[in-house]
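Text of the file final-v6.cif, holding mmCIF, C-alpha atoms:
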```
data_entry
#
loop_
_atom_site.label_atom_id
_atom_site.label_comp_id
_atom_site.auth_asym_id
_atom_site.auth_seq_id
_atom_site.Cartn_x
_atom_site.Cartn_y
_atom_site.Cartn_z
CA MET A 1 -15.66 -28.98 -8.08
CA LYS A 2 -12.56 -31.13 -8.41
CA GLU A 3 -9.44 -29.07 -8.92
CA ILE A 4 -7.46 -29.85 -12.05
CA ILE A 5 -4.24 -28.83 -10.34
CA PRO A 6 -3.71 -28.84 -6.54
CA ALA A 7 -3.65 -25.39 -4.95
CA GLU A 8 0.00 -25.18 -3.93
CA GLN A 9 1.19 -26.52 -7.28
CA ALA A 10 -1.03 -23.98 -9.04
CA ARG A 11 0.31 -21.08 -6.99
CA THR A 12 3.92 -22.12 -7.60
CA ARG A 13 3.34 -22.55 -11.32
CA ILE A 14 1.85 -19.05 -11.62
CA ALA A 15 4.68 -17.43 -9.64
CA ARG A 16 7.40 -19.21 -11.62
CA ARG A 17 5.85 -18.27 -14.94
CA ILE A 18 5.74 -14.59 -14.01
CA ALA A 19 9.33 -14.69 -12.73
CA ARG A 20 10.36 -16.08 -16.11
CA GLU A 21 8.57 -13.19 -17.80
CA PHE A 22 10.93 -10.80 -16.00
CA MET A 23 14.08 -12.90 -16.41
CA GLU A 24 13.57 -13.14 -20.19
CA ARG A 25 13.55 -9.36 -20.54
CA ASP A 26 17.26 -9.26 -19.72
CA GLU A 27 17.22 -5.64 -18.53
CA THR A 28 17.15 -3.75 -15.26
CA LEU A 29 13.61 -3.86 -13.91
CA ILE A 30 11.83 -2.23 -10.98
CA ILE A 31 8.88 -4.32 -9.87
CA ASN A 32 6.25 -4.13 -7.15
CA LEU A 33 4.70 -7.33 -5.79
CA GLY A 34 1.31 -7.58 -4.09
CA VAL A 35 0.44 -10.04 -1.33
CA GLY A 36 -0.17 -13.76 -1.91
CA ILE A 37 0.98 -15.38 -5.15
CA PRO A 38 2.65 -12.11 -6.33
CA THR A 39 5.03 -12.18 -3.33
CA MET A 40 6.04 -15.74 -4.28
CA VAL A 41 7.38 -14.43 -7.62
CA ALA A 42 10.45 -13.14 -5.75
CA ASN A 43 11.41 -16.75 -4.87
CA TYR A 44 12.05 -17.54 -8.53
CA ILE A 45 13.91 -14.40 -9.63
CA GLN A 46 17.66 -14.79 -10.08
CA GLY A 47 20.45 -12.38 -10.89
CA ASP A 48 21.02 -8.85 -9.64
CA SER A 49 19.19 -6.64 -12.13
CA ILE A 50 15.62 -6.97 -10.83
CA PHE A 51 14.76 -4.70 -7.91
CA ILE A 52 11.67 -5.02 -5.76
CA GLN A 53 9.91 -1.85 -4.63
CA ALA A 54 7.57 -1.92 -1.63
CA GLU A 55 5.00 0.87 -1.53
CA ASN A 56 5.51 1.44 2.21
CA GLY A 57 8.79 3.08 1.30
CA MET A 58 11.57 0.70 0.28
CA MET A 59 13.53 0.08 -2.90
CA GLY A 60 15.54 -3.15 -3.00
CA VAL A 61 13.51 -5.53 -0.82
CA GLY A 62 15.33 -8.77 0.02
CA PRO A 63 14.04 -12.18 1.15
CA LYS A 64 11.73 -12.48 4.14
CA ALA A 65 13.43 -12.17 7.52
CA ASP A 66 12.89 -14.78 10.17
CA GLY A 67 13.94 -15.45 13.74
CA ASP A 68 16.59 -13.09 15.05
CA SER A 69 16.89 -11.15 11.80
CA ALA A 70 13.20 -10.08 11.86
CA ASP A 71 12.75 -6.38 12.67
CA ARG A 72 9.17 -5.16 12.90
CA ARG A 73 10.30 -1.75 11.71
CA LEU A 74 11.57 -3.27 8.46
CA ILE A 75 8.56 -4.74 6.68
CA ASN A 76 7.05 -5.07 3.23
CA ALA A 77 3.58 -3.81 2.28
CA GLY A 78 2.09 -7.11 3.51
CA ARG A 79 3.45 -6.38 7.02
CA GLU A 80 6.01 -9.22 6.76
CA PRO A 81 9.54 -8.64 8.11
CA VAL A 82 12.00 -8.52 5.20
CA THR A 83 15.72 -8.03 4.66
CA GLU A 84 17.75 -5.39 2.83
CA THR A 85 19.66 -5.93 -0.40
CA PRO A 86 22.91 -4.07 -1.20
CA GLY A 87 22.04 -0.65 -2.59
CA CYS A 88 18.58 -0.53 -1.05
CA SER A 89 16.98 2.75 0.00
CA TYR A 90 14.12 4.13 2.07
CA PHE A 91 11.74 7.01 1.39
CA ASP A 92 8.39 8.36 2.53
CA SER A 93 5.03 7.20 1.17
CA ALA A 94 4.55 10.22 -1.12
CA ALA A 95 7.90 9.58 -2.83
CA SER A 96 7.01 5.88 -3.05
CA PHE A 97 3.73 6.54 -4.83
CA GLY A 98 5.44 9.21 -6.89
CA MET A 99 7.60 6.41 -8.29
CA ILE A 100 4.50 4.34 -9.01
CA ARG A 101 2.23 7.08 -10.36
CA GLY A 102 5.09 8.71 -12.23
CA GLY A 103 5.64 5.61 -14.35
CA HIS A 104 9.03 4.73 -12.88
CA VAL A 105 7.98 1.24 -11.77
CA ASP A 106 8.24 -1.18 -14.69
CA ALA A 107 5.68 -3.70 -13.52
CA THR A 108 3.30 -4.54 -10.73
CA VAL A 109 2.16 -8.08 -10.00
CA ILE A 110 -1.21 -8.22 -8.29
CA GLY A 111 -3.89 -10.69 -7.35
CA ALA A 112 -7.49 -10.17 -8.49
CA PHE A 113 -11.04 -11.32 -7.88
CA GLU A 114 -12.01 -10.66 -11.51
CA VAL A 115 -10.43 -9.52 -14.77
CA ASP A 116 -12.74 -8.80 -17.69
CA GLU A 117 -12.48 -8.82 -21.48
CA ALA A 118 -11.69 -5.09 -21.49
CA GLY A 119 -8.73 -5.61 -19.17
CA SER A 120 -10.52 -4.01 -16.25
CA ILE A 121 -9.50 -5.39 -12.86
CA ALA A 122 -11.55 -5.86 -9.69
CA ASN A 123 -9.26 -6.59 -6.76
CA TRP A 124 -9.92 -4.13 -3.96
CA ILE A 125 -13.18 -5.07 -2.30
CA ILE A 126 -15.91 -7.68 -2.07
CA PRO A 127 -18.82 -5.64 -0.73
CA ASN A 128 -19.81 -8.11 2.01
CA GLY A 129 -19.57 -5.69 4.93
CA ARG A 130 -16.39 -7.27 6.26
CA GLN A 131 -13.83 -5.35 4.21
CA LEU A 132 -12.97 -1.69 4.29
CA GLY A 133 -9.75 -0.92 2.52
CA VAL A 134 -8.15 -0.12 -0.82
CA GLY A 135 -4.47 0.27 0.08
CA GLY A 136 -2.29 1.04 -2.93
CA ALA A 137 -4.24 -1.12 -5.39
CA MET A 138 -5.74 1.72 -7.43
CA ASP A 139 -2.47 3.67 -7.57
CA LEU A 140 -0.57 0.56 -8.66
CA VAL A 141 -2.84 -0.48 -11.52
CA SER A 142 -3.08 3.04 -12.91
CA GLY A 143 0.58 3.92 -12.38
CA ALA A 144 2.78 0.90 -13.10
CA ARG A 145 3.96 0.58 -16.68
CA GLN A 146 2.92 -3.07 -16.94
CA VAL A 147 0.14 -4.68 -14.88
CA ILE A 148 0.44 -8.44 -14.43
CA VAL A 149 -2.38 -10.32 -12.73
CA ALA A 150 -1.48 -13.52 -10.87
CA MET A 151 -4.57 -15.50 -9.92
CA ARG A 152 -6.18 -18.95 -9.83
CA HIS A 153 -8.25 -19.59 -12.93
CA ASN A 154 -11.43 -20.19 -10.94
CA GLY A 155 -12.65 -19.26 -7.49
CA ARG A 156 -13.04 -21.84 -4.71
CA ASP A 157 -16.63 -22.40 -5.82
CA GLY A 158 -15.51 -22.95 -9.42
CA ARG A 159 -16.73 -19.53 -10.52
CA PRO A 160 -14.66 -18.16 -13.42
CA LYS A 161 -12.45 -15.20 -12.54
CA LEU A 162 -11.89 -14.19 -16.17
CA VAL A 163 -15.28 -12.63 -16.87
CA ARG A 164 -17.11 -10.78 -19.65
CA SER A 165 -17.54 -7.71 -17.47
CA CYS A 166 -16.49 -7.17 -13.84
CA SER A 167 -19.38 -7.54 -11.39
CA LEU A 168 -17.34 -6.36 -8.39
CA PRO A 169 -16.19 -2.75 -7.86
CA VAL A 170 -13.43 -1.99 -10.37
CA THR A 171 -9.91 -1.04 -9.26
CA GLY A 172 -8.86 0.29 -12.67
CA PHE A 173 -10.30 0.21 -16.19
CA HIS A 174 -8.40 -1.28 -19.18
CA GLU A 175 -5.26 -1.72 -17.08
CA ALA A 176 -4.38 -5.45 -17.32
CA ASP A 177 -1.53 -6.33 -19.70
CA LEU A 178 -0.99 -9.98 -18.78
CA VAL A 179 -2.96 -12.52 -16.76
CA VAL A 180 -1.29 -15.74 -15.60
CA THR A 181 -3.40 -18.54 -14.13
CA GLU A 182 -2.43 -22.16 -13.51
CA LEU A 183 -4.21 -23.08 -16.75
CA GLY A 184 -3.02 -20.44 -19.16
CA VAL A 185 -1.27 -17.20 -20.03
CA PHE A 186 -3.47 -14.43 -21.44
CA ARG A 187 -2.07 -11.30 -23.05
CA PHE A 188 -4.04 -8.23 -23.98
CA ILE A 189 -2.89 -7.73 -27.59
CA ASP A 190 -4.38 -4.57 -29.13
CA GLY A 191 -6.95 -4.69 -26.36
CA VAL A 192 -7.99 -8.29 -27.08
CA MET A 193 -7.66 -11.02 -24.43
CA THR A 194 -5.46 -13.57 -26.17
CA LEU A 195 -4.51 -17.04 -24.92
CA THR A 196 -0.80 -17.44 -25.73
CA GLU A 197 0.11 -20.42 -23.54
CA ILE A 198 -1.96 -23.27 -22.17
CA ALA A 199 -1.33 -25.81 -19.43
CA PRO A 200 -0.76 -29.42 -20.57
CA GLU A 201 -3.69 -30.64 -18.43
CA THR A 202 -6.26 -28.88 -20.63
CA ASP A 203 -7.03 -27.67 -24.16
CA PRO A 204 -8.57 -24.45 -25.54
CA ALA A 205 -12.12 -25.85 -25.74
CA ARG A 206 -12.11 -27.19 -22.17
CA LEU A 207 -10.45 -23.98 -20.96
CA ALA A 208 -13.22 -21.93 -22.58
CA ASP A 209 -15.75 -23.94 -20.51
CA LEU A 210 -13.95 -22.82 -17.33
CA THR A 211 -13.83 -19.21 -18.50
CA ASP A 212 -16.64 -16.66 -18.71
CA ALA A 213 -14.67 -14.14 -20.78
CA ALA A 214 -14.45 -14.62 -24.53
CA PHE A 215 -10.79 -14.91 -25.54
CA VAL A 216 -8.90 -15.38 -28.78
CA THR A 217 -6.46 -18.29 -29.04
CA SER A 218 -3.13 -17.22 -30.47
CA THR A 219 -2.05 -18.97 -33.66
CA GLY A 220 1.36 -19.37 -32.07
CA ILE A 221 0.02 -20.91 -28.85
CA ARG A 222 2.55 -22.82 -26.76
CA THR A 223 2.41 -25.25 -23.88
CA MET A 224 2.82 -23.56 -20.51
CA ASP A 225 5.76 -24.62 -18.33
CA THR A 226 4.66 -26.64 -15.33
CA MET B 1 16.49 35.47 23.70
CA PRO B 2 17.55 32.00 24.86
CA ARG B 3 16.16 29.10 22.91
CA LYS B 4 13.33 27.19 24.56
CA SER B 5 13.67 23.41 24.47
CA LYS B 6 11.07 21.50 22.46
CA VAL B 7 11.46 18.44 24.66
CA VAL B 8 8.27 18.08 26.72
CA THR B 9 6.77 15.60 29.15
CA MET B 10 4.03 13.24 28.05
CA ASP B 11 1.52 15.18 30.18
CA GLN B 12 2.43 18.43 28.41
CA ALA B 13 2.04 16.78 25.01
CA VAL B 14 -1.35 15.21 25.76
CA ALA B 15 -2.59 18.49 27.29
CA ALA B 16 -2.05 20.14 23.89
CA ILE B 17 -4.61 17.82 22.26
CA ARG B 18 -8.37 18.46 22.45
CA SER B 19 -11.40 16.19 22.10
CA GLY B 20 -12.81 16.58 18.58
CA ASP B 21 -9.36 17.23 17.05
CA ARG B 22 -8.26 15.89 13.68
CA ILE B 23 -5.20 13.83 14.48
CA MET B 24 -2.69 12.40 12.01
CA VAL B 25 -0.69 9.44 13.21
CA GLY B 26 2.27 7.99 11.34
CA SER B 27 2.17 4.22 10.86
CA PHE B 28 2.11 1.39 8.39
CA GLY B 29 0.88 -1.93 9.74
CA ASN B 30 2.11 -1.39 13.31
CA SER B 31 5.51 -0.24 12.04
CA GLY B 32 6.70 3.30 12.70
CA TYR B 33 4.02 4.70 14.97
CA PRO B 34 4.52 6.71 18.17
CA GLU B 35 3.78 3.98 20.71
CA SER B 36 4.10 6.01 23.91
CA LEU B 37 1.95 8.85 22.59
CA VAL B 38 -0.75 6.43 21.45
CA GLU B 39 -0.60 4.72 24.84
CA ALA B 40 -0.93 8.04 26.70
CA MET B 41 -3.76 9.20 24.43
CA THR B 42 -5.74 6.03 25.06
CA ALA B 43 -5.29 6.51 28.82
CA SER B 44 -6.62 10.08 28.48
CA GLY B 45 -10.29 11.05 28.31
CA LEU B 46 -9.96 12.45 24.77
CA LYS B 47 -12.88 11.55 22.53
CA ASP B 48 -14.65 12.31 19.23
CA LEU B 49 -11.29 12.14 17.47
CA THR B 50 -10.82 12.02 13.73
CA ILE B 51 -7.84 9.73 13.18
CA ILE B 52 -5.99 10.21 9.90
CA SER B 53 -3.67 7.27 9.26
CA ASN B 54 -2.79 4.60 6.69
CA ASP B 55 -4.51 1.85 8.67
CA LEU B 56 -5.74 1.33 12.21
CA GLY B 57 -3.39 -1.37 13.45
CA SER B 58 -5.10 -4.49 14.72
CA PRO B 59 -7.98 -4.84 17.22
CA GLY B 60 -6.70 -3.44 20.52
CA ILE B 61 -3.15 -3.17 19.15
CA GLY B 62 -1.33 -0.04 18.03
CA LEU B 63 -3.69 2.55 16.54
CA GLY B 64 -6.49 0.00 16.98
CA LYS B 65 -6.57 1.01 20.65
CA PHE B 66 -8.30 4.31 19.75
CA LEU B 67 -11.30 2.45 18.35
CA THR B 68 -11.39 -0.37 20.90
CA ASN B 69 -11.41 2.42 23.49
CA GLY B 70 -14.34 4.30 21.91
CA GLN B 71 -12.38 7.50 21.21
CA VAL B 72 -13.01 7.66 17.46
CA ARG B 73 -15.65 9.69 15.64
CA ALA B 74 -14.19 9.41 12.13
CA LEU B 75 -11.37 7.76 10.22
CA ILE B 76 -9.62 9.01 7.11
CA GLY B 77 -7.22 6.49 5.60
CA ASN B 78 -6.95 3.70 3.11
CA TYR B 79 -6.61 0.19 4.53
CA TYR B 80 -8.65 -1.16 7.43
CA ASN B 81 -8.76 -4.86 6.51
CA TRP B 82 -6.13 -5.62 9.18
CA ASN B 83 -8.59 -4.40 11.84
CA PRO B 84 -12.08 -5.91 11.44
CA GLU B 85 -13.40 -3.72 14.28
CA VAL B 86 -13.36 -0.81 11.81
CA ALA B 87 -15.88 -2.40 9.40
CA GLN B 88 -18.02 -3.50 12.38
CA ALA B 89 -18.12 0.01 13.87
CA TYR B 90 -18.78 1.54 10.44
CA ASN B 91 -21.62 -0.92 9.66
CA ALA B 92 -23.15 -0.16 13.07
CA GLY B 93 -23.14 3.56 12.24
CA GLN B 94 -20.77 4.34 15.12
CA ILE B 95 -18.02 5.97 13.04
CA ASP B 96 -17.49 7.68 9.68
CA VAL B 97 -14.87 6.19 7.40
CA THR B 98 -13.38 7.94 4.35
CA LEU B 99 -11.21 5.79 2.08
CA VAL B 100 -8.62 7.54 -0.06
CA PRO B 101 -6.29 5.41 -2.24
CA GLN B 102 -2.93 5.11 -0.50
CA GLY B 103 -0.94 7.14 -3.01
CA SER B 104 -3.57 9.88 -3.15
CA PHE B 105 -3.73 9.83 0.66
CA ALA B 106 0.05 10.32 0.94
CA GLU B 107 0.06 13.07 -1.67
CA ALA B 108 -2.94 14.84 -0.07
CA ILE B 109 -1.03 15.02 3.22
CA ARG B 110 2.10 16.25 1.47
CA ALA B 111 -0.02 18.84 -0.38
CA ALA B 112 -1.44 20.14 2.90
CA GLY B 113 2.07 20.60 4.22
CA VAL B 114 3.39 22.46 1.20
CA GLY B 115 0.50 24.84 0.55
CA ILE B 116 -1.23 23.06 -2.33
CA ALA B 117 -5.03 23.02 -2.03
CA ALA B 118 -5.76 20.13 -4.38
CA PHE B 119 -4.21 18.10 -7.21
CA TYR B 120 -5.33 15.94 -10.15
CA THR B 121 -4.41 12.26 -10.15
CA PRO B 122 -5.41 9.40 -12.49
CA THR B 123 -5.81 7.04 -9.52
CA ALA B 124 -9.46 6.06 -8.87
CA ALA B 125 -10.81 7.78 -12.01
CA GLY B 126 -14.16 6.20 -12.87
CA THR B 127 -14.21 4.00 -9.76
CA GLU B 128 -16.35 4.11 -6.63
CA LEU B 129 -13.63 6.03 -4.81
CA GLY B 130 -13.63 8.67 -7.55
CA LYS B 131 -17.38 9.27 -7.21
CA GLY B 132 -18.35 12.81 -6.26
CA LYS B 133 -14.89 14.12 -7.07
CA GLU B 134 -14.33 16.55 -9.90
CA THR B 135 -12.99 14.72 -12.96
CA ARG B 136 -11.06 16.33 -15.78
CA GLU B 137 -9.26 15.10 -18.87
CA PHE B 138 -5.63 15.91 -19.55
CA ASN B 139 -4.00 14.53 -22.72
CA GLY B 140 -6.88 12.10 -23.21
CA ARG B 141 -6.72 10.57 -19.74
CA SER B 142 -9.18 11.05 -16.86
CA TYR B 143 -7.96 12.53 -13.60
CA VAL B 144 -9.78 13.15 -10.32
CA LEU B 145 -9.30 16.16 -8.11
CA GLU B 146 -8.07 15.20 -4.65
CA GLN B 147 -8.05 17.83 -1.90
CA ALA B 148 -5.27 18.34 0.60
CA ILE B 149 -5.71 16.69 4.01
CA HIS B 150 -4.85 18.89 7.01
CA ALA B 151 -4.88 18.06 10.71
CA ASP B 152 -4.87 19.86 14.03
CA VAL B 153 -2.20 17.58 15.45
CA ALA B 154 0.35 15.20 13.91
CA LEU B 155 1.82 12.46 16.07
CA VAL B 156 4.94 11.21 14.36
CA LYS B 157 7.62 8.64 15.15
CA ALA B 158 11.26 9.24 14.32
CA SER B 159 14.42 7.44 15.30
CA LYS B 160 16.42 10.45 16.47
CA ALA B 161 15.91 14.16 17.02
CA ASP B 162 18.37 16.84 17.92
CA GLU B 163 17.34 19.43 20.49
CA LEU B 164 16.08 21.72 17.70
CA GLY B 165 13.71 19.06 16.38
CA ASN B 166 15.57 17.93 13.27
CA LEU B 167 14.45 14.35 12.64
CA VAL B 168 15.92 11.20 11.13
CA TYR B 169 13.99 7.98 10.65
CA TYR B 170 14.59 4.23 10.68
CA LYS B 171 14.03 2.00 7.63
CA THR B 172 10.34 1.42 6.74
CA ALA B 173 9.26 3.03 10.02
CA ARG B 174 9.56 6.28 8.03
CA ASN B 175 6.33 5.72 6.00
CA PHE B 176 3.94 8.70 6.37
CA ASN B 177 5.77 10.37 9.27
CA PRO B 178 7.76 13.04 7.35
CA LEU B 179 4.61 14.00 5.40
CA MET B 180 2.42 14.28 8.47
CA ALA B 181 5.06 16.34 10.27
CA MET B 182 4.46 19.05 7.65
CA ALA B 183 0.66 18.89 7.51
CA ALA B 184 -0.61 19.74 11.01
CA THR B 185 -0.94 22.86 13.11
CA LEU B 186 0.91 21.12 15.96
CA THR B 187 3.48 18.37 15.37
CA ILE B 188 4.61 16.16 18.24
CA ALA B 189 7.52 13.84 17.47
CA GLU B 190 8.21 10.79 19.59
CA VAL B 191 11.84 9.70 19.24
CA ASP B 192 14.08 6.98 20.64
CA GLU B 193 16.96 9.37 21.27
CA VAL B 194 17.62 13.12 21.49
CA VAL B 195 21.13 14.25 20.59
CA PRO B 196 22.80 17.66 20.98
CA VAL B 197 22.48 20.21 18.18
CA GLY B 198 25.20 19.66 15.60
CA ARG B 199 25.39 15.91 16.11
CA LEU B 200 23.11 14.93 13.20
CA ASP B 201 24.72 14.95 9.76
CA PRO B 202 22.89 17.82 7.97
CA GLU B 203 22.83 15.72 4.77
CA CYS B 204 20.85 13.02 6.60
CA VAL B 205 18.17 15.18 8.21
CA VAL B 206 14.83 14.16 6.68
CA THR B 207 12.50 16.51 8.58
CA PRO B 208 14.02 19.97 9.25
CA HIS B 209 13.24 21.32 12.71
CA LEU B 210 10.77 24.03 11.68
CA PHE B 211 8.11 21.34 11.22
CA VAL B 212 8.41 20.02 14.78
CA ASN B 213 6.80 21.73 17.81
CA MET B 214 7.24 19.20 20.60
CA ILE B 215 9.56 16.25 21.21
CA ILE B 216 8.87 13.25 23.42
CA ASN B 217 12.17 11.56 24.26
CA ARG B 218 11.56 7.86 24.86
CA GLY B 219 15.24 7.37 25.52
CA ALA B 220 14.93 9.50 28.66
CA GLN B 221 12.02 7.51 30.11
#
```

Just give me the structure of the file as C-alpha cells.
Amino acid sequence: MKEIIPAEQARTRIARRIAREFMERDETLIINLGVGIPTMVANYIQGDSIFIQAENGMMGVGPKADGDSADRRLINAGREPVTETPGCSYFDSAASFGMIRGGHVDATVIGAFEVDEAGSIANWIIPNGRQLGVGGAMDLVSGARQVIVAMRHNGRDGRPKLVRSCSLPVTGFHEADLVVTELGVFRFIDGVMTLTEIAPETDPARLADLTDAAFVTSTGIRTMDT
Amino acid sequence: MPRKSKVVTMDQAVAAIRSGDRIMVGSFGNSGYPESLVEAMTASGLKDLTIISNDLGSPGIGLGKFLTNGQVRALIGNYYNWNPEVAQAYNAGQIDVTLVPQGSFAEAIRAAGVGIAAFYTPTAAGTELGKGKETREFNGRSYVLEQAIHADVALVKASKADELGNLVYYKTARNFNPLMAMAATLTIAEVDEVVPVGRLDPECVVTPHLFVNMIINRGAQ
C-alpha cells in the first residue's frame, strides 16, 4: 500500500500535534512519554512549566545525552541516556508508580497496536511467541489522568489500527482520551470516538475507508496542522 | 559487645546463597544492578534460581548472564523484550515466567518489606494479567488483588554505604534497589564506596542500615 504521508513526516506531525496539545493548556503539567513517537513529543515542547516523568524513577527528564555527557546510570524508561533539568528529582520505582497510579501524572503519551471504539487500548503484546513483557503500560493507562495515543493511522500492511473492537490482548479498557495519527485527531467525547481534526491530504469519507472503527465527525472539524 | 562489620568478601557473600533460592536483583535496563555480585554468581555453581527483577538485561549481558548460563528455573518480573532469550527459553518449556505489571511489581516488593500481605490495584483489571486474581469493586471501579513478593536474598546496588549499612543511591540507578533491600531475608548491598559512620548526611540516607546484612565494597577491590 502506498503511504499517503512518508513515515518520518508522519511521526513528526503526530509528535508536534501532541506537543501543541500540552502547550495550549498553559498550566503546569506532569507528563510521561512512552518509547517511539511519544518520546519525540519532548522535542517540540517549549517553556519551563511542562515536566517529564520517567517511570524508572525520575521527575524532570531533560534532552537525550550523547557523547561524553551520556551516563548509563542516568537513563529514561527506554534505556536511553538522558540529562537532568533544574529541579529534577529521583525516587524508587514504588514511589514512581505511586505518582502514576495515584493520579498525580497529568498525561501519558503512548504508542498502540490498536485502539477501539470503546477507547480500549492494546499496546502491550502481540502474541507471536517473541515478546514477553508488559513494563509499565497497564499502570500508565489506568493511572494517568489523560491517556493520549500517538500512532500511525495504519499498520505497515495497511491494516487499520483504529478498530471496532481490539483483537489483541487489551492493556486497559475505556482508557483512551485522545488519539493522534498523521491523518486525524480523534477525541473520545462522552465515550464516542469523534474526529475533530483532519489532515489536508484526505477527507472524512476517504479516512473512513482507512479506518475500521466507526467514528463521528465533529461539526466543528478543523484542518490538522502539518 | 563490639560491633561486627557488615563488609564481607565476595566469597562470603556468594556462600550465603543457595541453589533454589528466590533472588531479587535491583536493575532497570542494565542500569543500577550489582555487577560484581552478578559476575560472581554466574561463576558459581548455583542453579535452579528464581530471579525476581524488572527485566533480565540483554542476552549474555547484565542479569541476562543468569539465563545464558543455565542457572534460572523461574523469572518473576515485568519486561523481558530486551532479552529475546527469555521468550525462547519460556517457549521451550525450560523456565517459568510470571509477568506482573511494573507498578504492581514494585508495590508488591514494597509490600513484602513493610508487612503487607496483599493490596488492591486497578492496574490489569479485566486483562490477561488480571486473570486468576481476586477482583473487587471499590467506588464503582474494578481492582485486582496483588500479593506481596518476598525473596530469600536481595542483591542491591547503591552508590555509597557507611560501615553500618546505611545506603545512598545514584540517579536512576536507584530504581527497585531500596524496595528490594526491605523485602528479603538476606540483603547484600554492593557499593562503590564505604565511608565511616557519621559521614553520610542523615537527611540523605535512603535505606537505613537495619535493612542491610552484608556489604560488598567495590571501591576496595

Pick out the residues sitting within 6 Å of stretch 15-24 of chain B, and hand them over as number ranges by chain; count all atoms listed in the file, and ignore anything fewer than 6 positions along from it in its own chain.
B: 46-53, 151-154

Build an axis-aligned box that encloses every atom of stretch 201-206 of chain B listed in the file, pad it by 4 Å on each side, and report its centre and edge lengths in Å to one decimal, as AutoDock Vina command-line options.
```
--center_x 19.8 --center_y 15.4 --center_z 7.3 --size_x 17.9 --size_y 12.8 --size_z 13.0
```

I'd like to see the residues matched by the PyMOL selection byres ((chain B and resi 89) around 12) on this file, and ideally I'd get them as a list in words.
Gly129, Arg130, Gln131 and Leu132 of chain A; Pro59, Leu67, Thr68, Asn69, Gly70, Gln71, Val72, Arg73, Ala74, Leu75, Tyr80, Asn83, Pro84, Glu85, Val86, Ala87, Gln88, Tyr90, Asn91, Ala92, Gly93, Gln94, Ile95, Asp96 and Val97 of chain B

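By only C-alpha atoms, and with residues fewer than 4 positions from A:Pro81 along its chain excluded, the set lying at most 10 Å from it is A:Gly62, A:Pro63, A:Lys64, A:Ala65, A:Asp66, A:Gly67, A:Ser69, A:Ala70, A:Asp71, A:Arg72, A:Arg73, A:Leu74, A:Ile75, A:Asn76, A:Ala77.
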
Evaluate the PyMOL selection byres ((chain A) within 9 of (chain B)) on the structure here and hand back the selected residues as number ranges by chain.
A: 55-58, 72-79, 89-98, 100-101, 129-143, 169-173

Select, from B:Pro202, B:Pro34, B:Gly60, B:Pro2, the residue with the minimum atom-to-atom distance to B:Asn166, counting only C-alpha atoms.
B:Pro202
